[in-house]
Structure formats: C-alpha cells, structure tokens
>>> print(open('final_24.txt').read())   # compact mmCIF, C-alpha atoms
# COMPACT_ATOMS: atom_id res chain seq x y z
CA MET A 665 215.56 181.72 10.57
CA ARG A 666 215.24 183.79 13.72
CA GLU A 667 211.80 184.61 15.08
CA GLU A 668 211.99 188.30 14.08
CA GLY A 669 213.11 187.46 10.55
CA LEU A 670 210.40 184.83 10.21
CA ALA A 671 207.75 187.30 11.35
CA ALA A 672 208.98 190.02 8.98
CA GLU A 673 209.02 187.63 6.02
CA LEU A 674 205.53 186.39 6.87
CA ARG A 675 204.17 189.93 7.05
CA ARG A 676 205.83 190.98 3.80
CA ARG A 677 204.48 188.03 1.84
CA ALA A 678 200.98 188.16 3.34
CA LEU A 679 200.63 191.86 2.58
CA ALA A 680 201.93 191.34 -0.96
CA ILE A 681 199.12 188.87 -1.67
CA PHE A 682 196.20 190.24 0.30
CA GLY A 683 197.00 193.93 0.51
CA ARG A 684 195.94 194.47 4.10
CA SER A 685 195.27 191.19 5.87
CA LEU A 686 194.80 187.45 5.71
CA HIS A 687 191.83 185.97 7.55
CA VAL A 688 192.04 182.64 9.33
CA ARG A 689 189.11 180.40 10.26
CA THR A 690 189.90 177.74 12.84
CA ILE A 691 187.99 174.50 13.27
CA ASP A 692 188.43 172.06 16.12
CA THR A 693 187.27 168.60 15.05
CA GLY A 694 187.54 167.11 18.53
CA SER A 695 190.97 167.91 19.89
CA CYS A 696 192.05 168.05 23.51
CA ALA A 697 192.28 171.89 23.25
CA VAL A 698 196.06 172.07 23.62
CA CYS A 699 196.51 173.10 19.96
CA GLU A 700 193.93 175.83 20.48
CA SER A 701 195.90 177.18 23.45
CA GLU A 702 198.97 177.43 21.18
CA ILE A 703 196.90 179.26 18.57
CA ARG A 704 195.74 181.72 21.26
CA LEU A 705 199.39 182.40 22.10
CA LEU A 706 199.87 183.75 18.57
CA ALA A 707 197.47 186.60 19.38
CA ALA A 708 199.26 187.38 22.66
CA PRO A 709 201.65 190.36 22.80
CA HIS A 710 204.81 188.24 22.43
CA TYR A 711 203.87 186.91 18.98
CA ASP A 712 201.09 189.40 18.09
CA LEU A 713 199.86 187.74 14.91
CA HIS A 714 197.72 190.79 14.14
CA ARG A 715 200.78 192.94 13.49
CA LEU A 716 201.66 190.48 10.75
CA GLY A 717 198.33 191.06 9.03
CA PHE A 718 196.64 187.84 10.20
CA PHE A 719 193.19 187.99 11.75
CA PHE A 720 190.85 185.29 13.00
CA THR A 721 187.37 185.32 11.53
CA PRO A 722 184.22 183.57 12.77
CA THR A 723 182.86 183.04 9.27
CA PRO A 724 184.31 180.92 6.46
CA ARG A 725 182.98 183.36 3.85
CA HIS A 726 185.67 185.84 4.90
CA ALA A 727 188.44 183.28 5.44
CA ASP A 728 191.49 182.84 3.25
CA LEU A 729 192.99 180.07 5.36
CA LEU A 730 191.36 177.18 7.22
CA LEU A 731 193.33 176.00 10.26
CA VAL A 732 192.12 172.57 11.41
CA THR A 733 192.97 170.91 14.73
CA GLY A 734 191.87 167.59 16.12
CA PRO A 735 191.51 164.11 14.66
CA GLY A 736 189.44 163.29 11.60
CA VAL A 737 186.23 162.55 13.49
CA ARG A 738 183.49 161.30 11.18
CA ALA A 739 180.86 163.38 13.01
CA MET A 740 182.66 166.57 11.89
CA ASP A 741 183.13 165.62 8.24
CA GLN A 742 180.03 167.40 6.93
CA ALA A 743 180.73 170.58 8.91
CA LEU A 744 184.33 170.60 7.71
CA ARG A 745 183.30 170.10 4.07
CA LYS A 746 180.66 172.85 4.31
CA THR A 747 183.18 175.26 5.83
CA TYR A 748 185.69 174.49 3.09
CA ALA A 749 183.04 174.93 0.38
CA ALA A 750 181.94 178.30 1.83
CA MET A 751 185.46 179.75 1.61
CA PRO A 752 186.24 181.91 -1.44
CA ASP A 753 189.02 180.95 -3.85
CA PRO A 754 191.94 180.90 -3.54
CA LYS A 755 191.83 179.09 -0.23
CA ILE A 756 194.29 177.04 1.72
CA VAL A 757 193.94 174.39 4.42
CA VAL A 758 196.45 173.87 7.22
CA ALA A 759 196.28 170.73 9.38
CA MET A 760 197.81 171.42 12.78
CA GLY A 761 198.94 168.92 15.39
CA ALA A 762 199.52 165.18 15.53
CA CYS A 763 195.78 164.44 15.70
CA ALA A 764 194.98 166.30 12.48
CA LEU A 765 197.84 164.55 10.72
CA GLY A 766 196.39 161.16 11.68
CA GLY A 767 199.14 160.14 14.07
CA VAL A 768 197.26 159.63 17.35
CA TYR A 769 194.07 157.69 16.75
CA ASP A 770 193.65 154.45 14.80
CA GLU A 771 190.91 154.29 12.22
CA ASP A 772 187.63 152.97 13.60
CA LYS A 773 183.92 153.64 13.20
CA LEU A 774 184.21 157.10 14.82
CA VAL A 775 187.58 158.34 13.57
CA HIS A 776 189.15 158.06 10.13
CA GLY A 777 192.49 159.60 11.06
CA SER A 778 193.95 162.41 9.02
CA ILE A 779 191.99 165.54 8.08
CA ASP A 780 193.08 165.15 4.46
CA ARG A 781 190.54 162.39 4.03
CA THR A 782 187.82 165.04 4.33
CA VAL A 783 189.30 168.20 2.79
CA PRO A 784 192.45 168.77 0.72
CA VAL A 785 195.29 169.83 3.02
CA ASP A 786 197.99 172.14 1.69
CA VAL A 787 200.24 172.43 4.75
CA TYR A 788 200.88 170.03 7.64
CA ILE A 789 202.22 171.34 10.96
CA PRO A 790 203.34 168.40 13.10
CA GLY A 791 203.69 168.36 16.87
CA CYS A 792 201.68 167.63 19.95
CA PRO A 793 201.16 170.53 20.18
CA PRO A 794 203.22 172.50 17.68
CA SER A 795 204.91 175.50 19.24
CA PRO A 796 203.83 179.01 18.26
CA LEU A 797 207.10 179.37 16.33
CA ALA A 798 206.27 176.16 14.40
CA LEU A 799 202.85 177.66 13.69
CA LEU A 800 204.45 180.84 12.35
CA HIS A 801 206.68 178.74 10.11
CA GLY A 802 203.65 176.75 8.93
CA LEU A 803 201.80 179.98 8.16
CA LEU A 804 204.80 181.18 6.15
CA VAL A 805 204.68 177.96 4.12
CA ALA A 806 200.90 178.40 3.71
CA VAL A 807 201.35 181.96 2.45
CA GLY A 808 203.83 180.60 -0.11
CA ARG A 809 201.24 178.08 -1.29
CA LEU A 810 198.65 180.87 -1.49
CA GLU A 811 201.03 182.89 -3.64
CA GLU A 812 201.20 179.96 -6.05
CA LYS A 813 197.40 179.61 -6.10
CA VAL A 814 196.91 183.34 -6.71
CA GLU A 815 199.37 183.24 -9.61
CA ARG A 816 197.61 180.20 -11.14
CA LEU A 817 194.19 181.83 -10.66
CA SER A 818 195.39 185.10 -12.23
CA PHE A 819 196.91 183.18 -15.15
CA ALA A 820 193.69 181.23 -15.72
CA GLN A 821 191.56 184.40 -15.55
CA ALA A 822 193.82 186.05 -18.10
CA GLY A 823 192.96 183.27 -20.51
CA GLY A 824 196.23 181.45 -20.09
CA ARG A 825 198.29 184.28 -21.61
CA ALA A 826 201.44 185.52 -19.94
>>> encode(input="final_24.txt", output="structure tokens")
Amino acid sequence: MREEGLAAELRRRALAIFGRSLHVRTIDTGSCAVCESEIRLLAAPHYDLHRLGFFFTPTPRHADLLLVTGPGVRAMDQALRKTYAAMPDPKIVVAMGACALGGVYDEDKLVHGSIDRTVPVDVYIPGCPPSPLALLHGLLVAVGRLEEKVERLSFAQAGGRA
C-alpha cells in the first residue's frame, strides 16, 4: 500500500472509532533514543500524524494507545504497569523496535527482554529502528485491533445481545 493510501486508511478508521482523535502515550523504558527520533518524524510536516487524527498526550488517563520503546528493564516495570492501569478501556499497547520485542538484550538481573512480560502487547513493530512508514503501518494494525476491542466492549455492554 502506498504511503498516501496507508495514511488515508489510517485516518478513516481512527475517526470511525474515536470520532475526532486517537491519543498516544509513549514510554521509553531505556532505549538508545533512536526509536524516539523516528516517532518525532511522524509529527513532522512530511508525515504529519496530527492530520490523521493522532495526538501525543502526556497523561495515560487520556491515552487510547500506549507506544513502548526500549528493552524490558526491570526498573521500569512498575511505572509501565501503572501507566497501563491508568489508561481507560479499550486500550491497546504497541511495542516498537527490536529492544521492546526482546531481540537485543539477553535476560539478566536488570533486563527481562520483551515488554510483553510486563504488559499485554497487541501490536509488535520490528526494526532497529522501525521507519516512520513501518510505524504508520503498525498504527493501522493497532487501530484494527482497537476496532475489535470496541466491538467486543459494545457487545458486552449491550448484555451480549446482537
């Protein structure tokens, strides 16, 4: 899918679920900051993530999506769990980069590898670092997973009736 088509599809699906916008909370659990530089590129004029209805938020209470970079460092486990718990339902977690997927550091007393050992991960975006286009694709997959969660939540709130 071309970049323009990917962006249009992402915007259409995000707006269908959230009406106006989807808020992203990022957490760095000890990365080298290269993944964060790729995330910043998404807000630059070339990609302009805001035009797609995605906004970064400093608080997990307003976040729909948690974007985690860096290895699973044990010192960050509690902060990561608290952030996840503070997010309203439905929520989704995206692990970004080789570190977050557990592919760089061996398990030892400081690092346990993958982020999914601390919080449930819905989408994995591989790469060291993933390109902004790979991030857009990962966000599109995440929006699809959110659509499924919203449908399940709506079904459950309706008492299981169609």
>>> residues_around(input="final_24.txt", residues="A:Glu673", least_positions_apart="4", cutoff="8 Å", atoms="all atoms listed in the file", output="PyMOL selection string")
chain A and resi 669+677+804
>>> atom_distance(input="final_24.txt", atom1="atom CA of A:Pro752", atom2="atom CA of A:Leu674")
21.5 Å
>>> closest_residue(input="final_24.txt", among="A:Leu803, A:Met760, A:Ala749, A:Ala672", to="A:Glu700", atoms="all atoms listed in the file")
A:Met760
>>> closest_residue(input="final_24.txt", among="A:Gly767, A:Gly734, A:Pro784, A:Gly808", to="A:Ala697", atoms="all atoms listed in the file")
A:Gly734
>>> closest_residue(input="final_24.txt", among="A:Asp741, A:Asp728, A:Glu702, A:Asp712", to="A:Val783", atoms="only C-alpha atoms")
A:Asp741
>>> atom_distance(input="final_24.txt", atom1="atom CA of A:Pro735", atom2="atom CA of A:His714")
27.4 Å
